[in-house]
>>> print(open('final-v7.cif').read())   # mmCIF, C-alpha atoms
data_entry
loop_
_atom_site.label_atom_id
_atom_site.label_comp_id
_atom_site.auth_asym_id
_atom_site.auth_seq_id
_atom_site.Cartn_x
_atom_site.Cartn_y
_atom_site.Cartn_z
CA MET A 972 -9.55 -70.54 -118.73
CA SER A 973 -9.26 -71.98 -122.20
CA THR A 974 -10.28 -70.90 -125.67
CA GLU A 975 -11.37 -73.11 -128.56
CA THR A 976 -10.34 -72.37 -132.13
CA ALA A 977 -11.27 -74.65 -135.06
CA GLY A 978 -11.52 -77.76 -132.91
CA THR A 979 -8.39 -77.11 -130.83
CA THR A 980 -8.20 -75.95 -127.26
CA GLU A 981 -5.54 -73.53 -126.11
CA LEU A 982 -4.91 -72.49 -122.54
CA ALA A 983 -5.20 -68.74 -122.05
CA GLU A 984 -2.22 -67.00 -120.54
CA SER A 985 -2.69 -66.27 -116.85
CA PRO A 986 -0.66 -63.86 -114.74
CA ARG A 987 2.43 -65.58 -113.36
CA ARG A 988 2.81 -65.59 -109.62
CA PRO A 989 6.01 -66.75 -108.02
CA THR A 990 5.66 -70.21 -106.54
CA PRO A 991 6.00 -69.90 -102.78
CA LYS A 992 8.09 -72.27 -100.72
CA ALA A 993 6.07 -75.05 -99.13
CA PHE A 994 6.66 -73.62 -95.65
CA THR A 995 8.08 -70.62 -93.82
CA VAL A 996 9.33 -70.49 -90.23
CA VAL A 997 9.75 -67.06 -88.65
CA ALA A 998 11.14 -66.65 -85.12
CA ALA A 999 9.10 -64.77 -82.49
CA ARG A 1000 10.97 -61.44 -82.72
CA ASP A 1001 11.57 -61.60 -86.49
CA GLY A 1002 9.62 -60.52 -89.53
CA ARG A 1003 9.86 -60.90 -93.29
CA THR A 1004 11.15 -57.32 -93.77
CA PRO A 1005 14.67 -56.13 -92.89
CA ALA A 1006 13.30 -54.21 -89.88
CA PRO A 1007 9.95 -53.90 -88.11
CA LEU A 1008 7.52 -51.66 -89.98
CA ASN A 1009 6.02 -48.46 -88.56
CA VAL A 1010 2.34 -48.63 -89.47
CA VAL A 1011 0.45 -45.62 -88.01
CA GLY A 1012 2.79 -45.60 -85.01
CA GLU A 1013 2.51 -49.33 -84.35
CA GLU A 1014 5.49 -51.66 -84.59
CA THR A 1015 4.50 -54.25 -87.17
CA LEU A 1016 6.21 -57.51 -88.00
CA VAL A 1017 5.25 -59.16 -91.29
CA LYS A 1018 5.14 -62.83 -90.30
CA VAL A 1019 3.82 -64.16 -93.64
CA SER A 1020 4.18 -62.01 -96.76
CA ALA A 1021 2.42 -62.14 -100.10
CA GLU A 1022 5.56 -63.73 -101.54
CA ASP A 1023 5.47 -66.45 -98.88
CA SER A 1024 1.87 -67.40 -99.61
CA GLY A 1025 1.61 -66.91 -103.36
CA GLU A 1026 -0.44 -63.77 -102.60
CA THR A 1027 -3.21 -65.71 -100.82
CA LEU A 1028 -2.56 -64.56 -97.24
CA ALA A 1029 -0.62 -62.01 -95.22
CA PHE A 1030 -0.11 -62.30 -91.46
CA PHE A 1031 1.15 -59.60 -89.08
CA HIS A 1032 2.07 -59.12 -85.42
CA LEU A 1033 1.47 -55.57 -84.16
CA VAL A 1034 2.20 -53.71 -80.94
CA ALA A 1035 -0.34 -50.90 -80.49
CA PRO A 1036 0.91 -48.35 -77.93
CA PRO A 1037 -1.55 -46.22 -75.95
CA MET A 1038 -3.61 -43.83 -78.12
CA SER A 1039 -2.61 -45.52 -81.36
CA GLY A 1040 -4.66 -47.04 -84.14
CA PRO A 1041 -5.42 -46.53 -87.81
CA PRO A 1042 -7.91 -43.95 -89.09
CA ARG A 1043 -11.29 -45.17 -90.35
CA HIS A 1044 -10.79 -47.04 -93.60
CA VAL A 1045 -12.33 -49.71 -95.78
CA HIS A 1046 -10.77 -52.49 -97.85
CA THR A 1047 -12.43 -53.19 -101.19
CA ARG A 1048 -10.45 -56.38 -101.80
CA GLU A 1049 -9.27 -57.87 -98.47
CA ASP A 1050 -11.05 -59.71 -95.72
CA GLU A 1051 -9.33 -59.08 -92.38
CA LEU A 1052 -9.07 -61.00 -89.12
CA PHE A 1053 -7.80 -59.55 -85.82
CA TYR A 1054 -6.84 -61.65 -82.79
CA ILE A 1055 -6.03 -59.77 -79.59
CA LEU A 1056 -3.07 -61.31 -77.75
CA GLU A 1057 -2.76 -58.76 -74.95
CA GLY A 1058 -4.51 -55.57 -73.86
CA GLU A 1059 -7.71 -53.91 -74.95
CA LEU A 1060 -8.78 -52.14 -78.14
CA VAL A 1061 -11.95 -50.33 -79.14
CA PHE A 1062 -13.04 -51.21 -82.67
CA GLU A 1063 -15.42 -49.11 -84.72
CA LEU A 1064 -17.15 -51.39 -87.24
CA ASP A 1065 -19.60 -49.73 -89.64
CA GLY A 1066 -20.31 -47.10 -86.98
CA GLU A 1067 -20.72 -49.50 -84.02
CA ARG A 1068 -18.17 -49.57 -81.20
CA HIS A 1069 -16.94 -52.82 -79.68
CA THR A 1070 -14.40 -53.24 -76.88
CA VAL A 1071 -12.23 -56.30 -77.45
CA ARG A 1072 -9.72 -57.84 -75.07
CA ALA A 1073 -7.06 -60.54 -75.00
CA GLY A 1074 -8.42 -63.73 -76.56
CA ASP A 1075 -11.12 -61.94 -78.60
CA THR A 1076 -11.37 -62.16 -82.38
CA VAL A 1077 -12.75 -59.66 -84.90
CA TYR A 1078 -13.44 -60.79 -88.46
CA LEU A 1079 -14.27 -58.29 -91.22
CA ARG A 1080 -15.38 -59.00 -94.72
CA ARG A 1081 -14.21 -56.52 -97.33
CA GLY A 1082 -16.41 -53.42 -97.46
CA VAL A 1083 -16.72 -52.90 -93.67
CA VAL A 1084 -15.65 -49.39 -92.64
CA HIS A 1085 -13.47 -49.84 -89.57
CA ALA A 1086 -10.83 -48.50 -87.21
CA TYR A 1087 -9.47 -49.41 -83.81
CA GLN A 1088 -7.88 -47.43 -81.02
CA ASN A 1089 -5.95 -48.29 -77.88
CA PHE A 1090 -7.46 -45.99 -75.24
CA THR A 1091 -5.58 -47.66 -72.34
CA THR A 1092 -2.25 -46.77 -70.74
CA SER A 1093 -0.63 -50.09 -71.78
CA ASP A 1094 0.48 -51.57 -75.09
CA ALA A 1095 -1.88 -53.96 -76.85
CA ARG A 1096 -0.54 -56.81 -78.97
CA LEU A 1097 -2.51 -58.29 -81.82
CA LEU A 1098 -2.31 -60.54 -84.84
CA ILE A 1099 -3.85 -59.54 -88.16
CA ALA A 1100 -4.45 -61.79 -91.16
CA THR A 1101 -5.57 -60.49 -94.55
CA THR A 1102 -6.69 -62.38 -97.58
CA PRO A 1103 -5.63 -62.00 -100.30
CA GLY A 1104 -2.09 -61.40 -99.12
CA VAL A 1105 -1.00 -58.55 -101.37
CA PHE A 1106 -1.89 -56.20 -98.50
CA SER A 1107 1.54 -56.79 -96.94
CA GLY A 1108 2.91 -54.52 -99.68
CA PHE A 1109 0.63 -51.72 -98.47
CA PHE A 1110 2.14 -51.91 -94.96
CA VAL A 1111 5.66 -51.80 -96.42
CA GLU A 1112 4.85 -48.73 -98.55
CA LEU A 1113 2.95 -47.01 -95.71
CA SER A 1114 5.85 -47.56 -93.31
CA ALA A 1115 8.28 -45.97 -95.76
CA VAL A 1116 6.44 -42.60 -95.62
CA THR A 1117 5.33 -42.64 -91.95
CA PRO A 1118 7.26 -40.66 -89.34
CA LEU A 1119 8.17 -42.62 -86.22
CA GLY A 1120 5.16 -42.79 -83.91
CA GLY A 1121 2.88 -40.89 -86.28
CA LEU A 1122 0.40 -41.15 -89.11
CA PRO A 1123 1.48 -41.09 -92.75
CA PRO A 1124 1.15 -37.73 -94.48
CA LEU A 1125 -2.06 -37.88 -96.47
CA ASP A 1126 -0.45 -35.98 -99.35
CA LYS A 1127 1.45 -39.23 -100.02
CA LEU A 1128 -1.89 -40.91 -100.74
CA ASP A 1129 -3.93 -40.47 -103.90
CA PRO A 1130 -5.77 -38.09 -104.13
CA PRO A 1131 -4.01 -35.85 -101.59
CA CYS A 1132 -5.88 -33.59 -99.15
CA ALA A 1133 -9.28 -35.17 -99.71
CA SER A 1134 -11.84 -36.14 -97.10
CA PHE A 1135 -10.70 -39.63 -97.92
CA ALA A 1136 -7.75 -40.93 -99.84
CA ALA A 1137 -7.82 -43.83 -102.22
CA VAL A 1138 -4.80 -46.06 -102.44
CA PRO A 1139 -5.57 -47.56 -105.87
CA GLU A 1140 -2.97 -50.31 -105.99
CA PHE A 1141 -4.17 -51.70 -102.68
CA ARG A 1142 -7.86 -50.74 -103.03
CA VAL A 1143 -8.12 -49.03 -99.65
CA LEU A 1144 -10.08 -45.88 -98.82
CA VAL A 1145 -8.78 -43.90 -95.82
CA TRP A 1146 -10.86 -41.18 -94.19
CA ASN A 1147 -8.81 -38.06 -93.49
CA PRO A 1148 -8.79 -37.42 -89.71
CA ASP A 1149 -8.29 -33.66 -90.32
CA TYR A 1150 -11.76 -33.24 -91.84
#
>>> encode(input="final-v7.cif", output="C-alpha cells")
Amino acid sequence: MSTETAGTTELAESPRRPTPKAFTVVAARDGRTPAPLNVVGEETLVKVSAEDSGETLAFFHLVAPPMSGPPRHVHTREDELFYILEGELVFELDGERHTVRAGDTVYLRRGVVHAYQNFTTSDARLLIATTPGVFSGFFVELSAVTPLGGLPPLDKLDPPCASFAAVPEFRVLVWNPDY
C-alpha cells in the first residue's frame, strides 16, 4: 500500500515477517519442535512451521489413538485440510457425520464447526495442513498446558469455564465438552 503526499509517493510500513529459507527438509520421525507435541492426547509433529513458510502454511503429522480427537471447534482465520494416512476417523462437519479412511481427504474452509474422533481400537495417522500457518503456534501453546493423553484444561483458555472458549490470538472457538 502506498500513500501520496504533495506529488510524492511513499510506501506505507507493513508488518515485518521473517524471510523463510527457500526449503526445509524434515526426516520422517522428526518435527520442527524439540519434542513431539501433545495435542488433545495425539502425538503431533510440526513438519512445516509458520517460521518455515513465512506464516503462509503449517503442516502436521498426527497419531490419533483410539477414542481421541479434538472437541468441536471452529477456526475464524484458517482453512484446514486433513489427509488420512492410516485408520479410520469420524468427522463431524457443521453437524453432519462422515466416516473417512486411509486415502480420504477432508477440506474445511474457515467457519466450519468441526471435530473428529477415532472410534476404532487402532491408531489412526493423518496429515493436517492449515493456511495461514500461524496456527502451528496454537498447537505449541496447547501442548504446553495439556496433560499427557488428555484434553487441555479449559480454564487455560479465554474466557475460562464458558460453554465455549475463545482463543483470541489464534481466532479459534472451542466448545466445552463438559456442558
>>> closest_residue(input="final-v7.cif", among="A:Thr1004, A:Thr1102, A:Ser1093, A:Thr1117", to="Val1017 (chain A)", atoms="all atoms listed in the file")
A:Thr1004
>>> closest_residue(input="final-v7.cif", among="A:Lys992, A:Arg1000, A:Arg1043, A:Arg1081", to="Lys1018 (chain A)", atoms="all atoms listed in the file")
A:Arg1000
>>> atom_distance(input="final-v7.cif", atom1="CA of Val1045 (chain A)", atom2="CA of Pro1005 (chain A)")
27.9 Å
>>> residues_around(input="final-v7.cif", residues="Phe1062 (chain A)", least_positions_apart="4", cutoff="9 Å", atoms="all atoms listed in the file", output="ChimeraX atom specification")
/A:1067-1071,1077,1085-1088
>>> closest_residue(input="final-v7.cif", among="A:Thr1047, A:Asn1009, A:Ser1039, A:Thr1015", to="Phe1090 (chain A)", atoms="all atoms listed in the file")
A:Ser1039
>>> closest_residue(input="final-v7.cif", among="A:Val1105, A:Val996, A:Leu1056, A:Leu1097", to="Thr1027 (chain A)", atoms="all atoms listed in the file")
A:Val1105
>>> resolve_selection(input="final-v7.cif", expression="the PyMOL selection byres ((chain A and resi 1019) around 10)", output="ChimeraX atom specification")
/A:995-997,1002-1003,1016-1018,1020-1024,1026,1028-1032,1100,1104,1107
>>> atom_distance(input="final-v7.cif", atom1="CA of Ser1114 (chain A)", atom2="CA of His1046 (chain A)")
17.9 Å
>>> resolve_selection(input="final-v7.cif", expression="the PyMOL selection byres ((chain A and resi 1054) around 9)", output="list in words")
Leu1052, Phe1053, Ile1055, Leu1056, Ala1073, Gly1074, Asp1075, Thr1076, Val1077, Tyr1078, Arg1096, Leu1097, Leu1098, Ile1099 and Ala1100 of chain A
>>> closest_residue(input="final-v7.cif", among="A:Ala1006, A:Val1084, A:Ala1035, A:Leu1079", to="Gly1066 (chain A)", atoms="all atoms listed in the file")
A:Val1084
>>> atom_distance(input="final-v7.cif", atom1="CA of Phe1109 (chain A)", atom2="CA of Arg1072 (chain A)")
26.3 Å
>>> closest_residue(input="final-v7.cif", among="A:Ala993, A:Val1061, A:Ala998, A:Leu1033", to="Gly1012 (chain A)", atoms="all atoms listed in the file")
A:Leu1033
